[in-house]
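Inspection log for the structure reproduced underneath, given as structure tokens.
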Amino acid sequence: MLKNKIQFLLNDRLISLSDINPNTSILQYLRSCTGKSGTKEGCASGDCGACTVVTVEYAGGDLRYKSLNACISLLPSLHGKQLLTVEDLQDGDKLHPVQKAMVDFHGSQCGFCTPGFIMSLFALHKNNPEPEKAQTLEALAGNLCRCTGYRAIIDAASAAKNHGPDQFDRNKRNTIAALAKIQKTSLLKLSEGDQVAYSPSSLSELTDLMLAHPNARIIAGGTDIVLEITQMMKSLGTIIYVGNVPELQEFEESDAQFTLGAALPFSDFTPSIATHYHEFGEMIERIGSLQIRNQGTLGGNIGNASPIADTPPVLIALDAKLNLRLGNKNRIISIEDYFIDYKKTSQQKSEFIQSIIIPKAKENSYLKVYKISKRFDDDISAVLAAFNLVIEDDVVKSVRIAFGGMAGTPKRAIKCEKELIGKPWTQASIENGMQALEQDFTPMSDVRASANYRMVVAKNLLQKAFIEITQPTINTGVVQYA
Amino acid sequence: MRKLAQLQDKTSSKITGKVGVSRKHESADKHVTGKALYIDDRPQMANQLFAAIGQTTIAHGLVKSMDLSKVKVAPGVVDVLIATDVPGHLDIGPVFKGDPVLVLDKVEFMGQALFAVAATSHEAAVKAAKLAIVEYEEIEPVLSVKEALSKQNFVRPPHTQKRGDAVSAINASKHILEGKLKIGGQEHFYLESQISSAEPTEDGGMMIYSSSQHPSEVQKLVAEVLGISFNKVVVDMRRMGGGFGGKETQAAPWACIAALLANKTGRCVKLRLNRVDDMTLTGKRHPFENDYKVGFDEQGLIKGIEFNINGNCGYSPDLSDAIVDRAMFHSDNAYFLENAHVVGNRCKTNTVSHTAYRGFGGPQGMISIEGVMDDIARKVDKDPLEIRKLNLYGQNDRNITHYGQTVEHNILPMMINKLENDCEYQKRRTEITQFNKINTFLKKGIALTPVKFGISFTVQHLNQAGALIHLYTDGSIQLNHGGTEMGQGLNTKIAQVVAQEFQVDIDNIIVCSTRTDKVPNTSPTAASSGTDLNGKAAQNAAIILKNRLIEFTCEHFSVEQNDVIFSDNQVHISNVKQLSFAELVQLAYMNRISLSSTGFYKTPKIYYDRDKANGRPFFYFANGVACSEVVIDTLTGEYKVARVDVLHDVGDSLNPAIDLGQIEGAFVQGMGWLTTEELIWNEKGRLVSNNPATYKIPAIADMPEVFNVELLQNEPNAEATIYNSKAVGEPPFMLAISVWSALRDAVSSVSDYKASPILNTPATPERVLMAVQQMKSL
């Protein structure tokens, strides 16, 4: 059944929207349509966090609080959720504990970033009332403050610990009941003029829509595509929002592999992946910010076909597969074959990524992942390197090496691999491999790095991987992980 | 008949929010609840229009033709403004000419405002502004300092400061070193981008809301572009979402354009720059390329130095004359330069006009001499801290700067010793040297650097301020002053001053938005002077009112002046009578005493004879010391700031929590300038790092892992500043030079400290790795 409206709770008020431009961001909606101006626009590109709001979903028998960037999130993603903004946190005259702590610890100066910080802190404390410092840093890495230098904010974050139930806890039953009333099993449509958004609620609805609208733009998190609206001032035309398709949200773990639904947000699967592939997990925590990872998906990171996307090189090194669907047929391809050229893929019209299959580690294998960027958190890679090696009896039995930022696509270092496969695991082989990278790649100079730096670093990362595998006690990184 | 308020509370209680306490920011509760209103949050007027800027797409040339027909018919567009529509002045240069509000024919940087659109929504205006068809006659742009220098392409003539005979002193020295340092600029990245809103008034004037550090200048320029008298323009500024110097002159163009469009359409117009447009259209911290030649003895004592300080000013003078001057004034930092020859060049390039930014040229002068200290240390094989101490200004001799100001109350040597001990510099130096011997891939570095920063506008007439205080008959107080609140806590501090003077709770005081109709002819809130100047002016107004109340009390109760004491929200009269503050105010009102007063202040002692390059440009110096420790990865150039210890001098703090916030914030901002914040213009003159995805300011995890910041205690400002406090906005920014110096220290360890690496700024991982390669190749 097609329904021409989306429904969500704006704090405790049920909102139904029908005739509204689906290119409208949550931020624009809040500021223009509801008169709530507490949520700020700092960049309209998901980089500063001033617009952070929190959505609440009922899942797994409990409410789950997620921070996200309202500036690059479109309205269809709100269906069936509760939206909380900075205006909602005060309980009568009483500041919420995170608000009070920010006041008491002098965590605001100009105050413009503050509502965003408050909402990120709020989400953190709802999910984790006693966060460690590392968790606080992770939750706030996507909130830029230009005034304080952050120390006061970190102090406020730890001081807000141990507070009792707030009004959201007290209202929990009502919230769950209100959310349950919102019908989530229909195909939704939101439109204004020639701007149309569909939100299918099943794989078959999605398949049919893709056939009917071969030029439609698929949006899951939308954290990249929505920049076309906010930065390039475009309208997206027909949008298919896939966040409500249960088949695209699946997560399966077997003895041999992980199967990840293409529209599963990063933050939902990172812990499981991190348990198995520690360094992959660490790297994922450096993709965008928590707000971005709460929205952004693996399918999107792959489907954009950006040469500087962080996960594709790792997935290529791991020999991951893509499960693509066209009509009611699925095909499984190696992810390596997906990327054809700059922003060009082997995906056909009306086809979409349904899931990603990541094989588990083989015996005696090592996965080393390195992300090089100017800033540690929430930055785009200058170079991303992934080395997947099987070493037995000091001989390289198997090797897959892939880089991001070194070519027009995420790309395997075939010549480098040839210098290593079957060779003794020695410094001499590594040096040959380093040399071979010059044949594999001709990187570019751009705003993030020079061609020279990219090449030098790419080589040095192979060296680093060698040292870390052969001499694991030597500390080679400036950032320590727990 | 009008009835006075019933007064409730007569009890005496210790006042809250007096000077010296860590009072919360006056807007803190509003910040955390989203109730603090910024200009974009103000309710919209009926018929509200939104404006956007049409930008040039070349860096240098002439406009041959401009077809705006598509812009005019775009959805929602109501009107378009071009240069020839401007009824008054076209040039809005703040000090010198050179900044047309809209391009008339000559394009001087890419992105320059060519026309403006007013439409029924922000999005419609922005979209329409991209539809112009413009033909240009391109001229080769000048994009580097090097090229500007070789062509003698300057926005203002060079200036020289000279003492002794540097050339002879250098030539007679045991050691001579030469070097060059390229210093990157910096985007302000205030979280609230530039915004102004204009409402036409019935007098043919304008009511302007502007996120500006300089409302009086906005008033002047809006009046001038409209061709009307200043008294018809009122500018209101409640708060900025960050300024950092970026809203000193750079806020005015958008106010002017909003006013011009409001004038043309007769409707309210709001102009907010999207982030990318803000980064493209507004000036930044000046990039500099400085070179030096220094002569010194075996100990490392400087005998003579020549500095060429070359600021990249962009296309117009803006404030560059004073900024390059300040770089020259700080090319000594804390060191006695017996024979010095400092030349400052104001290079003109076809980029956006660079402007004020926290430190105002000081950082670019200071980092150069700090680099020299490190270079000398490597040459004579000593710890850089030893060289720094050796060259410090003396107490009674070697205490005159190269521009003739005596360094009085020199507490820096004491502060350096204190921090050196407190942070265990020597012990850690030994441990670090040991660490670097053992470790092949990771290297540590440490540096302890001082800051001596001159406080006052170097343009003398700006060192004045006004205030206006109203007492109401319920005892509540409205406080107006000429400074602007950009997050630095100025309003809080000034309210504390007034609470202290009247001995009333700070909650009795509301600091109103800064308005040109309340306090006229104000100076910008800049040069760290906000509290020094406006605090004194507000104190002056408070004292005038208090004296008036005392005089009235003496007459009314037949007591002597000394019998009237304000304390604890009360007025005690000769131990016989006690009135609450509000009761006295009511009584004064009933007896027809004026309850409103202005206040005024001008800074004493300062002057600078620019022709002789000599004088006392600064009322006093603010001091600070920082020690930073870093660890670098010699395979990738990545690094981490592991620990920072700071000791900073704010005199007697008016509000320790706010001062601490200023110091920490300035440090991290300075660290960003020197590490990850990289401005890149391409060969066409386009700024390519024009958004937060490509321009990286420090994020939360970039904060030093250990960050100990301490205010120097028991050292009141020896000059008679407001409660003997010291300015704090800019000085701690330069403490971050210690991070850069520590990075060089770590890199230098690769050469076993034999060589001093070239490390231009920002010291991105790429530059650090290149410096490591340079050390390895020696």
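By convention here, the chains of the structure tokens are called A, B, ... in the order presented, each chain's residues are numbered starting at 1, and ligands are numbered starting at 1 in the order presented.
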
Selection: 12 Å around Asn171 of chain B, only C-alpha atoms, excl. self and same-chain fewer than 6 positions, as a PyMOL selection string: chain B and resi 165+177+293-297+303-306+339

Test item: residues at most 10 Å from Asp381 of chain B, only C-alpha atoms, excluding those fewer than 6 positions along its chain, as a PyMOL selection string: chain B and resi 298-300+375+753-755

Counting only C-alpha atoms, the option among B:Cys347, B:Val459, B:Ala377, B:Ile722 closest to Arg744 of chain B: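 Among the listed residues, the smallest separation from Arg744 of chain B belongs to B:Ala377.
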
Sel. of helix (DSSP H, G or I) residues, segment 433-466 of chain B, as an MDAnalysis selection string: chainID B and resid 433:438 460:462

Neighbour list for segment 556-571 of chain B as a ChimeraX atom specification, cut-off 10 Å, only C-alpha atoms, skip fewer than 4 positions in-chain: /B:9-16,475,499-505,508,546-547,549-552,575-584,587-588,591

Write out as a compact mmCIF listing (two decimals) with N, CA and C atoms, in the first residue's frame which residues come within 9 Å of segment 120-134 of chain B when counting only C-alpha atoms, dropping same-chain ones fewer than 4 positions away.
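Once written, part.txt looks like this:
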# COMPACT_ATOMS: atom_id res chain seq x y z
N MET A 232 26.26 21.81 -3.93
CA MET A 232 26.21 22.12 -5.37
C MET A 232 24.86 22.70 -5.77
N MET A 233 23.97 22.86 -4.80
CA MET A 233 22.66 23.49 -5.02
C MET A 233 21.84 22.77 -6.08
N LYS A 234 21.99 21.44 -6.14
CA LYS A 234 21.21 20.66 -7.10
C LYS A 234 19.98 20.09 -6.40
N ASN B 47 7.62 39.91 4.24
CA ASN B 47 8.30 40.28 2.99
C ASN B 47 9.81 40.14 3.03
N GLN B 48 10.29 39.35 3.97
CA GLN B 48 11.73 39.14 4.13
C GLN B 48 12.36 38.64 2.82
N LEU B 49 13.53 39.22 2.50
CA LEU B 49 14.30 38.72 1.35
C LEU B 49 15.64 38.18 1.84
N PHE B 50 16.21 37.34 1.00
CA PHE B 50 17.48 36.72 1.32
C PHE B 50 18.45 37.02 0.18
N ALA B 51 19.68 37.29 0.54
CA ALA B 51 20.63 37.70 -0.49
C ALA B 51 21.75 36.69 -0.67
N ALA B 52 22.33 36.70 -1.85
CA ALA B 52 23.52 35.88 -2.12
C ALA B 52 24.43 36.66 -3.07
N ILE B 53 25.69 36.24 -3.09
CA ILE B 53 26.71 36.99 -3.84
C ILE B 53 27.06 36.26 -5.14
N GLY B 54 27.06 37.01 -6.24
CA GLY B 54 27.59 36.50 -7.50
C GLY B 54 29.09 36.73 -7.51
N GLN B 55 29.85 35.69 -7.78
CA GLN B 55 31.30 35.77 -7.61
C GLN B 55 32.04 35.71 -8.94
N THR B 56 33.21 36.33 -8.95
CA THR B 56 34.06 36.26 -10.14
C THR B 56 34.69 34.87 -10.24
N THR B 57 35.01 34.50 -11.46
CA THR B 57 35.58 33.16 -11.67
C THR B 57 37.03 33.24 -12.17
N VAL B 63 36.27 42.94 -16.33
CA VAL B 63 34.97 42.43 -16.75
C VAL B 63 34.64 43.07 -18.10
N LYS B 64 34.50 42.23 -19.11
CA LYS B 64 34.16 42.78 -20.44
C LYS B 64 32.65 42.91 -20.59
N SER B 65 31.95 41.90 -20.13
CA SER B 65 30.48 41.99 -20.21
C SER B 65 29.87 41.10 -19.14
N MET B 66 28.71 41.49 -18.73
CA MET B 66 28.03 40.73 -17.67
C MET B 66 26.55 40.62 -18.05
N ASP B 67 26.11 39.38 -18.28
CA ASP B 67 24.72 39.14 -18.65
C ASP B 67 23.99 38.52 -17.45
N LEU B 68 23.13 39.29 -16.84
CA LEU B 68 22.44 38.83 -15.62
C LEU B 68 20.99 38.44 -15.90
N SER B 69 20.66 38.29 -17.20
CA SER B 69 19.24 38.04 -17.52
C SER B 69 18.74 36.74 -16.89
N LYS B 70 19.57 35.69 -16.90
CA LYS B 70 19.14 34.42 -16.30
C LYS B 70 19.00 34.53 -14.78
N VAL B 71 19.84 35.35 -14.20
CA VAL B 71 19.76 35.55 -12.75
C VAL B 71 18.43 36.19 -12.41
N LYS B 72 18.09 37.22 -13.19
CA LYS B 72 16.89 38.02 -12.88
C LYS B 72 15.59 37.22 -13.01
N VAL B 73 15.58 36.23 -13.92
CA VAL B 73 14.33 35.47 -14.10
C VAL B 73 14.33 34.15 -13.33
N ALA B 74 15.37 33.91 -12.58
CA ALA B 74 15.43 32.65 -11.82
C ALA B 74 14.33 32.65 -10.77
N PRO B 75 13.83 31.44 -10.39
CA PRO B 75 12.72 31.36 -9.43
C PRO B 75 13.03 32.10 -8.12
N GLY B 76 12.10 32.91 -7.71
CA GLY B 76 12.22 33.58 -6.42
C GLY B 76 13.00 34.88 -6.42
N VAL B 77 13.67 35.19 -7.54
CA VAL B 77 14.52 36.39 -7.54
C VAL B 77 13.66 37.66 -7.59
N VAL B 78 13.98 38.60 -6.75
CA VAL B 78 13.23 39.86 -6.67
C VAL B 78 14.03 41.02 -7.23
N PHE B 115 28.18 40.86 -8.07
CA PHE B 115 26.81 41.38 -7.98
C PHE B 115 26.14 40.66 -6.81
N ALA B 116 24.95 41.12 -6.45
CA ALA B 116 24.22 40.46 -5.38
C ALA B 116 22.77 40.27 -5.80
N LYS B 270 18.29 39.71 4.42
CA LYS B 270 19.29 39.02 5.23
C LYS B 270 20.31 38.39 4.30
N LEU B 271 21.58 38.57 4.62
CA LEU B 271 22.64 37.98 3.81
C LEU B 271 23.51 37.11 4.71
N ARG B 272 23.42 35.81 4.48
CA ARG B 272 24.26 34.86 5.23
C ARG B 272 25.13 34.13 4.22
N ASN B 274 27.11 31.06 2.91
CA ASN B 274 27.33 29.63 3.12
C ASN B 274 28.81 29.44 3.43

Residue neighbourhood segment 33-37 of chain A, 10 Å, only C-alpha atoms, exclusion window fewer than 5 positions, as JSON, numbers by chain: {"A": [10, 26, 27, 28, 85, 86, 87], "B": [34, 35, 36, 37, 38, 40, 41, 42, 43]}

Restricting it to N, CA and C atoms, dump the selection as a JSON list (two decimals), in the first residue's frame.
[["chain", "number", "residue", "atom", "x", "y", "z"],
["A", 10, "LEU", "N", 8.22, 14.52, 16.83],
["A", 10, "LEU", "CA", 9.09, 15.65, 17.10],
["A", 10, "LEU", "C", 9.01, 15.86, 18.61],
["A", 26, "ILE", "N", 16.71, 17.78, 7.33],
["A", 26, "ILE", "CA", 16.09, 17.90, 8.66],
["A", 26, "ILE", "C", 16.39, 19.29, 9.24],
["A", 27, "LEU", "N", 17.60, 19.79, 8.97],
["A", 27, "LEU", "CA", 17.97, 21.11, 9.50],
["A", 27, "LEU", "C", 17.08, 22.21, 8.93],
["A", 28, "GLN", "N", 16.91, 22.18, 7.61],
["A", 28, "GLN", "CA", 16.05, 23.20, 6.99],
["A", 28, "GLN", "C", 14.63, 23.09, 7.53],
["A", 85, "THR", "N", 15.74, 17.57, 19.63],
["A", 85, "THR", "CA", 16.66, 18.67, 19.38],
["A", 85, "THR", "C", 17.02, 19.32, 20.72],
["A", 86, "VAL", "N", 17.94, 20.26, 20.66],
["A", 86, "VAL", "CA", 18.45, 20.87, 21.88],
["A", 86, "VAL", "C", 17.34, 21.51, 22.71],
["A", 87, "GLU", "N", 16.27, 21.94, 22.04],
["A", 87, "GLU", "CA", 15.17, 22.58, 22.76],
["A", 87, "GLU", "C", 14.43, 21.60, 23.67],
["B", 34, "GLY", "N", 19.89, 26.22, 23.53],
["B", 34, "GLY", "CA", 19.55, 26.65, 22.17],
["B", 34, "GLY", "C", 18.75, 27.94, 22.15],
["B", 35, "LYS", "N", 18.67, 28.63, 23.30],
["B", 35, "LYS", "CA", 17.88, 29.86, 23.35],
["B", 35, "LYS", "C", 18.68, 31.11, 22.97],
["B", 36, "ALA", "N", 19.99, 30.98, 22.94],
["B", 36, "ALA", "CA", 20.81, 32.14, 22.55],
["B", 36, "ALA", "C", 20.53, 32.45, 21.08],
["B", 37, "LEU", "N", 20.13, 33.67, 20.81],
["B", 37, "LEU", "CA", 19.77, 34.02, 19.43],
["B", 37, "LEU", "C", 20.97, 34.59, 18.68],
["B", 38, "TYR", "N", 21.27, 33.99, 17.56],
["B", 38, "TYR", "CA", 22.24, 34.54, 16.61],
["B", 38, "TYR", "C", 21.42, 35.18, 15.50],
["B", 40, "ASP", "N", 20.88, 34.68, 12.43],
["B", 40, "ASP", "CA", 20.05, 33.83, 11.58],
["B", 40, "ASP", "C", 18.84, 33.26, 12.32],
["B", 41, "ASP", "N", 18.87, 33.35, 13.64],
["B", 41, "ASP", "CA", 17.76, 32.80, 14.45],
["B", 41, "ASP", "C", 16.67, 33.84, 14.72],
["B", 42, "ARG", "N", 16.94, 35.08, 14.35],
["B", 42, "ARG", "CA", 15.94, 36.13, 14.63],
["B", 42, "ARG", "C", 14.68, 35.88, 13.80],
["B", 43, "PRO", "N", 13.55, 36.20, 14.36],
["B", 43, "PRO", "CA", 12.31, 36.00, 13.58],
["B", 43, "PRO", "C", 12.36, 36.78, 12.27]]

All residues 10 Å or closer to Glu431 of chain A, only C-alpha atoms, same chain fewer than 2 positions away omitted, as a ChimeraX atom specification: /A:416,419-420,426-429,433-436,459-460,462-463

Same residues, N, CA and C atoms, saved as a PDB file, in the first residue's frame:
ATOM      1  N   CYS A 416      53.422  -5.053  -6.979  1.00  0.00           N
ATOM      2  CA  CYS A 416      53.982  -5.176  -5.626  1.00  0.00           C
ATOM      3  C   CYS A 416      53.702  -6.577  -5.075  1.00  0.00           C
ATOM      4  N   GLU A 419      56.024  -9.162  -6.387  1.00  0.00           N
ATOM      5  CA  GLU A 419      57.357  -9.160  -5.776  1.00  0.00           C
ATOM      6  C   GLU A 419      57.360  -9.905  -4.443  1.00  0.00           C
ATOM      7  N   LEU A 420      56.180 -10.136  -3.898  1.00  0.00           N
ATOM      8  CA  LEU A 420      56.119 -10.729  -2.560  1.00  0.00           C
ATOM      9  C   LEU A 420      55.641 -12.174  -2.569  1.00  0.00           C
ATOM     10  N   THR A 426      61.211 -11.207   4.068  1.00  0.00           N
ATOM     11  CA  THR A 426      62.442 -10.532   4.514  1.00  0.00           C
ATOM     12  C   THR A 426      62.427  -9.069   4.101  1.00  0.00           C
ATOM     13  N   GLN A 427      63.316  -8.321   4.692  1.00  0.00           N
ATOM     14  CA  GLN A 427      63.457  -6.907   4.367  1.00  0.00           C
ATOM     15  C   GLN A 427      63.771  -6.722   2.879  1.00  0.00           C
ATOM     16  N   ALA A 428      64.559  -7.648   2.330  1.00  0.00           N
ATOM     17  CA  ALA A 428      64.929  -7.527   0.916  1.00  0.00           C
ATOM     18  C   ALA A 428      63.677  -7.632   0.031  1.00  0.00           C
ATOM     19  N   SER A 429      62.819  -8.586   0.347  1.00  0.00           N
ATOM     20  CA  SER A 429      61.586  -8.728  -0.450  1.00  0.00           C
ATOM     21  C   SER A 429      60.723  -7.487  -0.311  1.00  0.00           C
ATOM     22  N   GLY A 433      59.219  -4.977  -3.047  1.00  0.00           N
ATOM     23  CA  GLY A 433      57.795  -4.650  -3.093  1.00  0.00           C
ATOM     24  C   GLY A 433      57.588  -3.141  -3.082  1.00  0.00           C
ATOM     25  N   MET A 434      58.338  -2.459  -2.248  1.00  0.00           N
ATOM     26  CA  MET A 434      58.228  -0.992  -2.167  1.00  0.00           C
ATOM     27  C   MET A 434      58.554  -0.373  -3.528  1.00  0.00           C
ATOM     28  N   GLN A 435      59.605  -0.885  -4.122  1.00  0.00           N
ATOM     29  CA  GLN A 435      60.027  -0.369  -5.427  1.00  0.00           C
ATOM     30  C   GLN A 435      58.924  -0.581  -6.464  1.00  0.00           C
ATOM     31  N   ALA A 436      58.309  -1.762  -6.392  1.00  0.00           N
ATOM     32  CA  ALA A 436      57.296  -2.117  -7.399  1.00  0.00           C
ATOM     33  C   ALA A 436      56.068  -1.212  -7.334  1.00  0.00           C
ATOM     34  N   LYS A 459      54.961   3.425   0.097  1.00  0.00           N
ATOM     35  CA  LYS A 459      56.100   2.506   0.272  1.00  0.00           C
ATOM     36  C   LYS A 459      56.394   2.281   1.751  1.00  0.00           C
ATOM     37  N   ASN A 460      56.434   3.374   2.483  1.00  0.00           N
ATOM     38  CA  ASN A 460      56.759   3.262   3.908  1.00  0.00           C
ATOM     39  C   ASN A 460      55.722   2.456   4.683  1.00  0.00           C
ATOM     40  N   LEU A 462      54.207  -0.186   3.576  1.00  0.00           N
ATOM     41  CA  LEU A 462      54.570  -1.595   3.401  1.00  0.00           C
ATOM     42  C   LEU A 462      55.700  -1.941   4.383  1.00  0.00           C
ATOM     43  N   GLN A 463      56.646  -1.033   4.477  1.00  0.00           N
ATOM     44  CA  GLN A 463      57.741  -1.212   5.440  1.00  0.00           C
ATOM     45  C   GLN A 463      57.191  -1.348   6.865  1.00  0.00           C
TER      46      GLN A 463
END

Strand (DSSP E or B) residues, from DSSP on the backbone, in segment 3-87 of chain B, as a ChimeraX atom specification: /B:49-55,61-67,77-82

Gap from atom CA of Asp393 of chain A to atom CA of Glu363 of chain A - Å, one decimal: 12.6 Å

Surrounding residues of segment 482-488 of chain B excluding itself and chain neighbours under 6 positions, 9 Å, only C-alpha atoms, as a ChimeraX atom specification: /A:108-111,147 /B:25,211-216,237-244,465-468,513-516,518-526,530-531,533-534,537,658-659,661-662,729

Nearest candidate to chain B (options A:Pro313, A:Pro271, A:Gly221, A:Gly288; using only C-alpha atoms): A:Gly288

Shortest interatomic distance to Tyr601 of chain B - which of B:Val155, B:Ala172, B:Leu390, B:Leu462, counting only C-alpha atoms: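 Ranked by minimum distance to Tyr601 of chain B, first place goes to B:Leu462.
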
Of the listed residues B:Glu710, B:Glu629, B:Glu108, B:Glu187, that which approaches Leu143 of chain B most closely, counting only C-alpha atoms: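 Under the stated criterion, the closest residue is B:Glu108.
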